[in-house]
Amino acid sequence: MSEEHRETGTGWPQPAEPERPAGPAGEPDPRPDAPDPDELSPLAPAGPVEQEDVPSPAEEPGASSEVAAADGGAAEAKPVPVSRRLTSAGAMIAVLLALLGFTLVVQLKTTSTDPTLAATREEDLVRISSDLDSRERRLRQDIEALEESQRQLRSGEQGRQAALEEATRRADELGILAGTLPAVGPGLSVRFAGPDKAVSAARILDAVQELRGAGAEAMQIAGSDGTAVRIIASTYFVDEPGGGLVVDGRRLSGPFVILVIGDPPTLRTALNIPGGVVASVEEDGGNVTPEDSEAVEVSQLHAPIKLEHARPVS
């Protein structure tokens with residue numbers, strides 16, 4: 001028993017439309033309850049429509065492999081399998097969604113507030129902020145103090161060395177001025193010769209003062225017998241009754257030679273000023289002979305003075 005089928009475009013076979021009586025000359029059915037012919041024969045889609053998981057007619061038991069076309073011709077229906085594939089765009093969307101969720105979770109954890117601080121009053125929050133600022137200032141001050149101590153410790157060795165060198169230099173200068181250290185340098189060798197009146201203690205003292213005023217840094221006086229005395233601030237000169245001089249308790253006989261360290265031109269000018277030492281000695285029949293020297297050696301030392309009353313101001 002054969003049954004005509006109609007292609008619906010869905011892949012399922014359907015029975016052919018039942019025959020309905022037609023009016024004369026192919027007119028529509030005149031019965032009032034007759035169905036609309038357009039409703040009984042719906043339009044088929046232009047092409048086959050793919051559906052997922054829908055078995056083809058060949059898979060149905062008892063189904064015919066051949067389907068009759070609407071125009072009566074035989075056409076073979078081939079089902080098109082459809083599989084769900086994850087495209088690259090779908091994979092990218094999934095990754096972006098995962099990253100978005102992770103970001104939201106991290107942001108929620110980061111911006112979560114302490115319930116204790118959330119319940120704190122505004123005045124308490126201001127006080128806490130002020131305390132934190134004060135602690136920060138104290139810590140910064142501590143850091144600055146530690147950095148300064150570090151700099152001092154690093155430069156301490158150099159500072160101690162510089163201080164030691166300065167102290168040594170100052171001690172040498174004071175030793176030269178006090179006559180406790182020998183000295184050498186450019187200067188003059190001044191020879192005084194003549195009668196006792198010309199080379200008296202007053203004239204020698206005037207010469208020493210003129211030389212000091214001209215910048216003399218170290219001096220010593222020697223007699224004809226080679227006896228020498230270091231001239232310092234407390235040195236005194238006295239005329240000896242039998243001739244000669246007494247310098248700091250030591251007797252010297254003329255002629256006398258004063259060795260002085262300083263600038264030679266300046267020292268020479270001080271001795272030769274009008275009415276000065278040279279002019280006074282020459283008026284009394286004596287003479288003064290200065291000689292420049294690049295290395296005047298003042299080697300005679302003075303005993304250290306022990307102070308009994310003076311004390312340094314602290």
# chains A, B, ... in the order shown; residues from 1 in each chain; ligands from 1
>>> residues_around(residues="Arg230 (chain A)", least_positions_apart="2", cutoff="9 Å", atoms="only C-alpha atoms", output="ChimeraX atom specification")
/A:179,218-222,228,232,235,298-302
>>> select_by_dssp(residues="region 114-216 of chain A", states="strand (DSSP E)", output="PDB file with N, CA and C atoms, in the first residue's frame")
ATOM      1  N   ALA A 183     113.741  77.541  64.760  1.00  0.00           N
ATOM      2  CA  ALA A 183     113.056  78.011  63.562  1.00  0.00           C
ATOM      3  C   ALA A 183     114.078  78.326  62.493  1.00  0.00           C
ATOM      4  N   VAL A 184     113.614  78.242  61.223  1.00  0.00           N
ATOM      5  CA  VAL A 184     114.461  78.565  60.096  1.00  0.00           C
ATOM      6  C   VAL A 184     113.599  79.215  59.033  1.00  0.00           C
ATOM      7  N   GLY A 185     114.180  80.170  58.302  1.00  0.00           N
ATOM      8  CA  GLY A 185     113.433  80.855  57.275  1.00  0.00           C
ATOM      9  C   GLY A 185     114.210  82.060  56.769  1.00  0.00           C
ATOM     10  N   PRO A 186     113.658  82.756  55.780  1.00  0.00           N
ATOM     11  CA  PRO A 186     114.337  83.933  55.244  1.00  0.00           C
ATOM     12  C   PRO A 186     114.339  85.064  56.262  1.00  0.00           C
ATOM     13  N   GLY A 187     115.351  85.908  56.193  1.00  0.00           N
ATOM     14  CA  GLY A 187     115.427  87.030  57.121  1.00  0.00           C
ATOM     15  C   GLY A 187     116.722  87.807  56.982  1.00  0.00           C
ATOM     16  N   LEU A 188     117.155  88.375  58.103  1.00  0.00           N
ATOM     17  CA  LEU A 188     118.363  89.224  58.130  1.00  0.00           C
ATOM     18  C   LEU A 188     119.313  88.758  59.215  1.00  0.00           C
ATOM     19  N   SER A 189     120.591  89.073  58.955  1.00  0.00           N
ATOM     20  CA  SER A 189     121.634  88.970  59.989  1.00  0.00           C
ATOM     21  C   SER A 189     122.167  90.384  60.192  1.00  0.00           C
ATOM     22  N   VAL A 190     121.862  90.978  61.358  1.00  0.00           N
ATOM     23  CA  VAL A 190     122.180  92.384  61.625  1.00  0.00           C
ATOM     24  C   VAL A 190     123.338  92.434  62.633  1.00  0.00           C
ATOM     25  N   ARG A 191     124.449  93.097  62.217  1.00  0.00           N
ATOM     26  CA  ARG A 191     125.646  93.197  63.067  1.00  0.00           C
ATOM     27  C   ARG A 191     125.761  94.618  63.627  1.00  0.00           C
ATOM     28  N   PHE A 192     125.882  94.725  64.975  1.00  0.00           N
ATOM     29  CA  PHE A 192     126.049  96.004  65.672  1.00  0.00           C
ATOM     30  C   PHE A 192     127.481  96.075  66.206  1.00  0.00           C
ATOM     31  N   ALA A 193     128.167  97.142  65.818  1.00  0.00           N
ATOM     32  CA  ALA A 193     129.554  97.339  66.285  1.00  0.00           C
ATOM     33  C   ALA A 193     129.765  98.810  66.609  1.00  0.00           C
TER      34      ALA A 193
END
>>> atom_distance(atom1="CA of Leu174 (chain A)", atom2="CA of Pro304 (chain A)")
11.5 Å
>>> residues_around(residues="Gly249 (chain A)", least_positions_apart="4", cutoff="12 Å", atoms="only C-alpha atoms", output="number ranges by chain")
A: 228-230, 235-240, 245
>>> atom_distance(atom1="CA of Glu210 (chain A)", atom2="CA of Val277 (chain A)")
8.0 Å
